[in-house]
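One file, run-v4.csv, carrying CSV, C-alpha atoms:
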```csv
chain,number,residue,atom,x,y,z
A,1,MET,CA,126.1,60.1,95.6
A,2,ASN,CA,129.2,58.7,94.1
A,3,ASN,CA,129.0,60.1,90.6
A,4,ASN,CA,132.8,60.0,89.9
A,5,PHE,CA,132.7,57.3,87.2
A,6,SER,CA,135.5,58.2,84.8
A,7,GLU,CA,135.5,57.6,81.1
A,8,GLU,CA,138.0,54.8,81.6
A,9,MET,CA,135.7,53.1,84.2
A,10,LEU,CA,132.7,53.4,81.9
A,11,ALA,CA,134.7,52.0,78.9
A,12,SER,CA,135.9,49.1,81.1
A,13,LEU,CA,132.3,48.5,82.2
A,14,ARG,CA,131.1,48.6,78.6
A,15,GLU,CA,133.6,45.9,77.7
A,16,SER,CA,132.7,43.8,80.7
A,17,VAL,CA,128.9,43.8,80.0
A,18,LYS,CA,129.5,43.0,76.4
A,19,ASN,CA,130.8,39.6,77.6
A,20,GLU,CA,127.5,39.0,79.4
A,21,MET,CA,125.2,39.3,76.5
A,22,GLY,CA,124.6,38.6,72.8
A,23,GLU,CA,125.1,41.1,70.1
A,24,LYS,CA,121.4,42.2,69.9
A,25,ARG,CA,121.2,42.8,73.7
A,26,TYR,CA,124.5,44.6,73.7
A,27,PHE,CA,123.3,46.9,70.9
A,28,HIS,CA,120.2,47.6,73.0
A,29,THR,CA,122.3,48.4,76.0
A,30,LEU,CA,124.4,50.9,74.1
A,31,GLU,CA,121.2,52.5,72.8
A,32,VAL,CA,119.9,52.8,76.3
A,33,GLU,CA,123.1,54.4,77.3
A,34,LYS,CA,122.8,56.9,74.5
A,35,MET,CA,119.2,57.7,75.4
A,36,ALA,CA,120.2,58.1,79.1
A,37,ILE,CA,122.8,60.7,78.1
A,38,ARG,CA,120.2,62.6,76.0
A,39,LEU,CA,117.7,62.6,78.8
A,40,GLY,CA,120.4,63.4,81.3
A,41,GLU,CA,121.4,66.4,79.3
A,42,ILE,CA,117.9,67.7,79.8
A,43,TYR,CA,117.0,66.6,83.3
A,44,ALA,CA,120.0,65.5,85.2
A,45,LYS,CA,123.3,67.0,83.9
A,46,ASN,CA,125.1,66.2,87.1
A,47,GLU,CA,124.2,62.6,87.0
A,48,ILE,CA,125.2,61.6,83.5
A,49,PRO,CA,128.1,59.3,84.5
A,50,MET,CA,125.7,57.5,87.0
A,51,LEU,CA,123.0,57.3,84.3
A,52,ARG,CA,125.5,55.8,81.8
A,53,ALA,CA,126.6,53.2,84.3
A,54,ALA,CA,123.1,52.2,85.2
A,55,ALA,CA,122.2,52.0,81.5
A,56,LEU,CA,125.1,49.7,80.9
A,57,LEU,CA,124.2,47.4,83.8
A,58,HIS,CA,120.4,47.4,83.4
A,59,ASP,CA,120.2,44.2,81.4
A,60,VAL,CA,123.4,42.5,82.5
A,61,THR,CA,121.6,39.3,83.6
A,62,LYS,CA,118.8,39.4,81.0
A,63,GLU,CA,120.1,36.4,79.0
A,64,ARG,CA,120.5,34.1,82.0
A,65,THR,CA,118.2,31.1,82.3
A,66,THR,CA,115.3,31.1,84.6
A,67,GLU,CA,117.2,28.6,86.8
A,68,GLU,CA,120.1,30.9,87.0
A,69,HIS,CA,117.8,33.8,88.0
A,70,ILE,CA,116.2,31.7,90.7
A,71,ALA,CA,119.7,30.6,92.0
A,72,ILE,CA,120.8,34.3,92.2
A,73,CYS,CA,117.7,35.2,94.1
A,74,GLU,CA,117.9,32.3,96.5
A,75,GLY,CA,121.6,32.8,97.0
A,76,ALA,CA,120.8,36.3,98.2
A,77,GLY,CA,118.1,34.9,100.5
A,78,LEU,CA,115.2,36.2,98.5
A,79,LEU,CA,112.0,34.3,98.2
A,80,VAL,CA,111.0,33.6,94.6
A,81,LEU,CA,107.2,33.9,94.2
A,82,LYS,CA,105.1,31.7,92.0
A,83,ALA,CA,104.1,34.8,90.0
A,84,GLU,CA,107.7,35.6,89.3
A,85,ARG,CA,108.3,32.1,88.0
A,86,LYS,CA,105.4,32.6,85.6
A,87,SER,CA,107.0,35.8,84.3
A,88,PRO,CA,110.7,34.9,83.9
A,89,LYS,CA,111.5,38.0,81.8
A,90,MET,CA,110.9,40.1,84.9
A,91,PHE,CA,113.7,38.4,86.9
A,92,HIS,CA,116.5,40.3,85.2
A,93,ALA,CA,116.0,43.6,86.9
A,94,LYS,CA,116.1,42.0,90.3
A,95,THR,CA,119.0,39.7,89.5
A,96,ALA,CA,121.1,42.4,87.8
A,97,ALA,CA,120.7,44.6,91.0
A,98,LEU,CA,121.8,41.6,93.0
A,99,VAL,CA,125.0,40.9,91.1
A,100,ILE,CA,126.2,44.4,90.9
A,101,PRO,CA,127.8,44.6,94.4
A,102,ASN,CA,129.9,41.5,93.8
A,103,LYS,CA,130.6,41.6,90.1
A,104,TYR,CA,130.8,45.4,89.6
A,105,PRO,CA,131.7,46.8,93.1
A,106,ASP,CA,133.0,50.1,91.7
A,107,PHE,CA,129.5,50.8,90.6
A,108,ALA,CA,127.6,49.5,93.6
A,109,THR,CA,125.9,52.6,94.8
A,110,GLU,CA,122.5,52.4,96.3
A,111,GLU,CA,121.2,54.9,93.7
A,112,LEU,CA,122.6,52.9,90.7
A,113,ILE,CA,121.4,49.6,92.1
A,114,ASN,CA,117.9,51.0,92.6
A,115,ALA,CA,117.8,52.4,89.1
A,116,VAL,CA,118.7,48.9,87.7
A,117,ARG,CA,116.3,47.2,90.1
A,118,TYR,CA,113.3,49.3,89.1
A,119,HIS,CA,114.0,49.8,85.4
A,120,THR,CA,111.2,47.4,84.3
A,121,THR,CA,108.5,47.8,86.9
A,122,GLY,CA,109.0,51.3,88.3
A,123,ARG,CA,107.9,52.0,91.8
A,124,ALA,CA,106.2,54.7,93.9
A,125,ASP,CA,108.4,57.8,94.6
A,126,MET,CA,111.0,57.0,92.0
A,127,THR,CA,114.2,59.1,92.1
A,128,LEU,CA,115.1,61.1,89.0
A,129,LEU,CA,117.9,58.6,88.2
A,130,GLU,CA,115.4,55.7,88.4
A,131,LYS,CA,112.9,57.6,86.1
A,132,VAL,CA,115.5,58.4,83.5
A,133,VAL,CA,116.8,54.8,83.3
A,134,TYR,CA,113.2,53.5,83.1
A,135,ILE,CA,112.3,55.9,80.3
A,136,ALA,CA,115.7,55.5,78.5
A,137,ASP,CA,115.1,51.7,78.4
A,138,PHE,CA,111.5,52.2,77.2
A,139,ILE,CA,112.3,54.7,74.4
A,140,SER,CA,115.8,53.8,73.2
A,141,ALA,CA,116.4,54.1,69.5
A,142,ASP,CA,116.2,50.3,68.9
A,143,ARG,CA,112.6,50.2,70.2
A,144,ILE,CA,110.1,49.8,67.4
A,145,TYR,CA,106.7,49.5,68.9
A,146,PRO,CA,103.8,51.8,67.8
A,147,ASP,CA,104.0,55.4,68.9
A,148,VAL,CA,107.5,55.0,70.5
A,149,ASP,CA,108.6,58.2,68.8
A,150,ILE,CA,105.8,60.2,70.3
```
Exercise: express the given structure as structure tokens:
Amino acid sequence: MNNNFSEEMLASLRESVKNEMGEKRYFHTLEVEKMAIRLGEIYAKNEIPMLRAAALLHDVTKERTTEEHIAICEGAGLLVLKAERKSPKMFHAKTAALVIPNKYPDFATEELINAVRYHTTGRADMTLLEKVVYIADFISADRIYPDVDI
């Protein structure tokens, strides 16, 4: 696993993703990064740079239009299902994973891409990295749903 993401690389990534989203989404992204660090300190100390990068990239396409999401999927040769078209908010995990290799090649490891890809839906036999990003997104400090603190 390439886990050699330097502070400089992460700072540059942070600035790059800031340009891909509005202020509220960027704030959320930073909160997910903070939570990924907290959880990483407990469960995955050796993977913290990878967790931080995945957290920063997890919503990089969230604010794209449905048409843009469909174009990204079709451009990658992926079939877009009718059910997906009915739930456009779910596109962003797939499309973020698809843009990473071209737009953020320094971070395009299989582990990171999978953590981004499955951060909304999960999947069977998730890796520790995938689980931490999934949970960090779900419980970041900006989340305000009932019982989130529990």
Selection near region 115-119 of chain A, 6 Å with all atoms listed in the file, sequence-local residues under 5 positions removed, as a PyMOL selection string: chain A and resi 58+93-94+97+130+134
Just how far from CA of Ser16 (chain A) is CA of Lys89 (chain A), in Å to one decimal? 22.0 Å
Env of region 79-82 of chain A: 8 Å cut, atoms = only C-alpha atoms, seq-sep filter 5 positions within chain, self excluded. Answer as a PDB file with C-alpha atoms, in the frame of the given file.
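Done, and the output landed in part22.pdb:
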```
ATOM      1  CA  ILE A  70     116.200  31.700  90.700  1.00  0.00           C
ATOM      2  CA  CYS A  73     117.700  35.200  94.100  1.00  0.00           C
ATOM      3  CA  GLU A  74     117.900  32.300  96.500  1.00  0.00           C
TER       4      GLU A  74
END
```
Please determine, counting all atoms listed in the file, which residue among A:Leu129, A:Leu10, A:Ala124, A:Val17 has the shortest atom-to-atom distance to Asn46 (chain A). A:Leu129
For Phe91 (chain A): contacts at 9 Å, all atoms listed in the file, fewer than 5 positions along chain excluded, given as JSON, numbers by chain: {"A": [61, 62, 66, 69, 70, 73, 84, 85, 96]}
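Minimum atom-to-atom distance to Thr120 (chain A), evaluated using only C-alpha atoms, belongs to A:His92 out of A:Arg143, A:Lys18, A:His28, A:His92.
Each of A:Val99, A:Gly40, A:Asn4, A:Arg14 was checked against Ala71 (chain A) using only C-alpha atoms; the smallest atom-to-atom distance is that of A:Val99.
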By how many Å are CA of Lys34 (chain A) and CA of Leu98 (chain A) apart? 24.0 Å
Name the residues in contact with Ile113 (chain A) at a cut-off of 8 Å, using only C-alpha atoms, excluding same-chain residues fewer than 5 positions from it; report them as a ChimeraX atom specification. /A:54,97,100,108
Of A:Leu112, A:Val32, A:Val132, A:Leu13, the one nearest to Lys45 (chain A) when counting all atoms listed in the file is A:Val132
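Here CA of Tyr104 (chain A) stands at a distance of 26.2 Å from CA of Ser87 (chain A).
If all atoms listed in the file are the atoms counted, then among A:Phe138, A:Leu56, A:Leu78, A:Pro49 the closest residue to Leu30 (chain A) is A:Leu56.
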From the set A:Asp147, A:Ile48, A:Glu63, A:Ser6, which residue has the shortest atom-to-atom contact distance to Asn19 (chain A), counting only C-alpha atoms? A:Glu63
